[in-house]
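Notes to accompany the following structure.
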Amino acid sequence: MSAGMSGPIRRSASRGRLAAIGATLLVLLSPFLWLLQMSFKSNELILQFPPPLLFKPTLENYTSLWQGAFPASFVNSLMSASFSTALALLLGVPAAYALSRWAGRGRHALGFAILVTRMAPPIAFTIPFFLFYRWIGLLDTVTGLVLVYTSFNLPLVIWMMQPFFETVPPSLEEAALVDGAPIRVIFLEIVLPMVAPGIAATAILCFLYAWNDFFFALILTRTNARTAPVAVVNFMNYEGWEWGKIAAGGSLVMAPVLIFSLAVRRYLVSGLTAGAVKG
Amino acid sequence: MKGSGLVDAGRRHFNAIALAPSLVVLFVIAGLPAIYLVVTSLTPFQLVNPGSSTDFSSPLRNYRLLPDDPRFVNSLWVQAKLSFWGVLFQVLLGMLLALLLHTQSRIVEFARTFFLIPMVLPPIVVAIIWKLIYTPDISPLYYAASLLNVTMPSLTSSVDFALTAIIIADSWEWLPFTFLMVLAALQTIPDEFSEAALVDGANRLQIFYYVTLPFITPVLVISGMFRLIDSVKAFPLVFLLTGGGPGSVTEVTNYYAYLLAFDFNEIGYSSSVTVVLLLLVVAVSFGVVWMGRRREAMA
């Protein structure tokens, strides 16, 4: 790489290009920044045009959220996302390891089945889950959400962890095998520590997908297990148009996502091409 | 494999134990629902009429109704328009953005992360963001238009612009995805190719057309197909911005199925709509896998 740095092709950034990149970034992010600044404005300020460039930020939108029912929905989101992530990892990580070491014929078919599960529109699962939960009494429970989220997080874990296991050199495992160690021990004590970064990245992606869900929570919850994304939308329907609160709620819902996704940005593509279950 | 038969048996045993729980759980929470969906699509099941859930007297009734249901046909058409323009914008703009950011610079590498923000935001937050932009009283867009003495129609309630408004928001959300994929592909192009072209006297446009473009075409196609599959899921945007309206101008098939099941309680009919949608998704997924394999074979 270094040899090419001064070459004519190695596109070292010119000033013009940097300016163009900066301008594009500003334009692209302006809708996002608009939401963010709105969350710190009082309702009078929000309606004021031209918008003041400098204003005294207020936390009143956030404090009124904190006093309402919003924290409970935030906790619901947190719990359903965490538990489904844990469950998906517990089941999916050993399965991914087995698949990565399995040269059997069924591997491609299984891979395709997993892909389809990831690609299927949520509505396909919602109708059966809704009817089943109504029957068994799991509607409006965090447990119900955990199960639904696992239906898309488990395939994600199996899909995403395989390449990580493939990077572990087989010679390591063979050496331990020759020493007579059972595969269970090899898996737990040699292989797993080596793929720890992969597990962390996968866990974060699972958490994000569950956290981002709106569709399942909209249909499968009412009040008790309502998640944060649904709660924010309810500000629009039932409490009038409180733009400041809506903006603050939106900012709170996106905060964990922004922090976590920056941590796993390298893996975002492989996670997403496994079929983004957003929506 | 130099392992003895005993070791192989141990491996097989372990594999079975490691795989079985996942397969069982996947079958229960994904396989069974899919089967149940197909079964329900063969009944005239309505929530208000519990007995209808097991009425198989006319199993293909729902599917026969579909072609003559104008709302269903319209929803496919709306979906096609949304997918086509959305995917086109995302691939094209994502490619341009990747070309712009494909450069060696610490600052640019740092900035790349911020370009990903729209994609990682919760979809409902994206919908809220665009709701703010499309609501005249509080929107900087409408204010800017008024400064230019332009009166903008209310985009999301206008027959002519509602779908465009959704396409814009959807493209904004997913542009970073194609950008990321194209950028990754650009970084694998060996420098020698373009250097050789440069020595031969090619200009930048020619280098792009003859060297870069052929190299990234497979990625453009694959990322476009992934976006095509996901465009079927556009729900929060439609839900929050237009509610399928005005009329049914923005009512995509996914949204129509949602309304059927959870507004009109037509569970059976909604299931048949969903099965059709699912088949379309499976067909495109199959295409993606097939193309991916062909690429592997060619490499």
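Letters for chains follow the order of the structure tokens (A, B, ...), residue numbers begin at 1 for each chain, and ligand numbers begin at 1 in the order shown.
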Against chain B, which residues of chain A fall within 6 Å? For each one I want the closest pair of atoms and the distance in Å (one decimal), counting only C-alpha atoms, rows by chain and increasing residue number, as a Markdown table.
| residue | atom | partner | partner_atom | distance |
| --- | --- | --- | --- | --- |
| A:Arg11 | CA | B:Thr103 | CA | 5.1 |
| A:Ser12 | CA | B:Gln104 | CA | 4.9 |
| A:Ala13 | CA | B:Thr103 | CA | 5.8 |
| A:Leu35 | CA | B:Ile129 | CA | 6.0 |
| A:Leu47 | CA | B:Ile138 | CA | 5.6 |
| A:Leu91 | CA | B:Ser22 | CA | 5.4 |
| A:Pro94 | CA | B:Ala18 | CA | 5.0 |
| A:Ala95 | CA | B:Leu19 | CA | 4.5 |
| A:Ala98 | CA | B:Asn15 | CA | 4.9 |
| A:Pro121 | CA | B:Lys233 | CA | 5.6 |
| A:Ala124 | CA | B:Thr274 | CA | 5.9 |
| A:Pro128 | CA | B:Pro33 | CA | 5.2 |
| A:Ser151 | CA | B:Ile29 | CA | 5.7 |
| A:Asn212 | CA | B:Pro122 | CA | 4.6 |
| A:Gly250 | CA | B:Val125 | CA | 5.5 |
| A:Met254 | CA | B:Leu121 | CA | 5.9 |
| A:Gly279 | CA | B:Phe235 | CA | 5.7 |
For a quick check of understanding, using only C-alpha atoms, which of A:Leu177, A:Ala69, A:Leu54, A:Ile136 has the smallest distance to A:Phe235?
A:Ala69
Which residues come within 10 Å of A:Glu242, counting only C-alpha atoms, excluding same-chain residues fewer than 5 positions away, as a ChimeraX atom specification?
/A:42-43,61,235-236,247
With only C-alpha atoms as the counted atoms, please give the residues lying no more than 10 Å from A:Ala72, apart from itself and same-chain residues fewer than 3 positions off, as a PyMOL selection string.
chain A and resi 66+68-69+75-78+223-228+231
Once you have the residues from the selection above, write them out as a tab-separated table (two decimals), in the first residue's frame, restricted to N, CA and C atoms.
chain	number	residue	atom	x	y	z
A	66	TRP	N	-39.57	11.08	30.95
A	66	TRP	CA	-39.10	10.28	32.08
A	66	TRP	C	-40.20	10.08	33.11
A	68	GLY	N	-43.43	10.00	32.43
A	68	GLY	CA	-44.59	9.29	31.89
A	68	GLY	C	-44.39	7.79	31.88
A	69	ALA	N	-45.06	7.13	30.92
A	69	ALA	CA	-44.99	5.68	30.83
A	69	ALA	C	-43.82	5.23	29.97
A	75	VAL	N	-37.69	-0.18	29.19
A	75	VAL	CA	-37.25	-1.41	29.88
A	75	VAL	C	-37.74	-2.64	29.12
A	76	ASN	N	-38.99	-2.59	28.61
A	76	ASN	CA	-39.50	-3.72	27.82
A	76	ASN	C	-38.62	-3.97	26.61
A	77	SER	N	-38.25	-2.91	25.92
A	77	SER	CA	-37.38	-3.04	24.75
A	77	SER	C	-36.06	-3.68	25.14
A	78	LEU	N	-35.52	-3.16	26.23
A	78	LEU	CA	-34.23	-3.64	26.71
A	78	LEU	C	-34.29	-5.13	27.04
A	223	THR	N	-50.30	-2.88	26.07
A	223	THR	CA	-49.83	-1.90	27.05
A	223	THR	C	-48.71	-2.43	27.93
A	224	ASN	N	-48.84	-3.66	28.41
A	224	ASN	CA	-47.87	-4.19	29.38
A	224	ASN	C	-46.48	-4.34	28.80
A	225	ALA	N	-46.41	-4.90	27.59
A	225	ALA	CA	-45.10	-5.22	27.02
A	225	ALA	C	-44.74	-4.25	25.90
A	226	ARG	N	-45.45	-3.13	25.80
A	226	ARG	CA	-45.20	-2.17	24.72
A	226	ARG	C	-43.74	-1.75	24.71
A	227	THR	N	-43.12	-1.77	23.54
A	227	THR	CA	-41.71	-1.42	23.45
A	227	THR	C	-41.56	0.07	23.10
A	228	ALA	N	-40.34	0.55	23.22
A	228	ALA	CA	-40.09	1.98	23.04
A	228	ALA	C	-40.50	2.50	21.66
A	231	ALA	N	-44.15	2.96	21.68
A	231	ALA	CA	-44.54	4.02	22.60
A	231	ALA	C	-44.36	5.40	21.96
Would you please work out which residue, of B:Met291, B:Ile167, B:Val276, B:Ala202, is nearest to B:Val73 when using only C-alpha atoms?
B:Val276
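Here atom CA of B:Ile168 is placed at a distance of 9.2 Å from atom CA of B:Trp85.
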Students should find that atom CA of B:Thr156 and atom CA of B:Leu241 are spaced 6.4 Å
Atomic separation - atom CA of A:Ile123 relative to atom CA of A:Ile219, Å:
9.9 Å
Extract the full set of helix (DSSP H, G or I) residues from stretch 9-154 of chain A according to DSSP on the backbone, and format it as a PyMOL selection string.
chain A and resi 15-38+43-46+60-67+70-100+106-119+122-136+142-154
Here is a test: counting only C-alpha atoms, which residue of A:Leu33, A:Leu172, A:Met119, A:Met161 is nearest to A:Gly198?
A:Met161
Exercise: A:Leu138 partners within 12 Å, only C-alpha atoms, chain neighbours under 6 positions left out, as a ChimeraX atom specification
/A:129-132,144-148,220-222,224-225
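Using only C-alpha atoms, the nearest neighbour of A:Leu252 within the list A:Leu208, A:Val232, A:Leu99, A:Leu45 is A:Val232.
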At a cut-off of 9 Å, using only C-alpha atoms, what residues contact stretch 164-168 of chain A? Leave out same-chain residues fewer than 5 positions from it and give the result as a ChimeraX atom specification.
/A:96-97,100-101,173,191-192,194-195,197-199
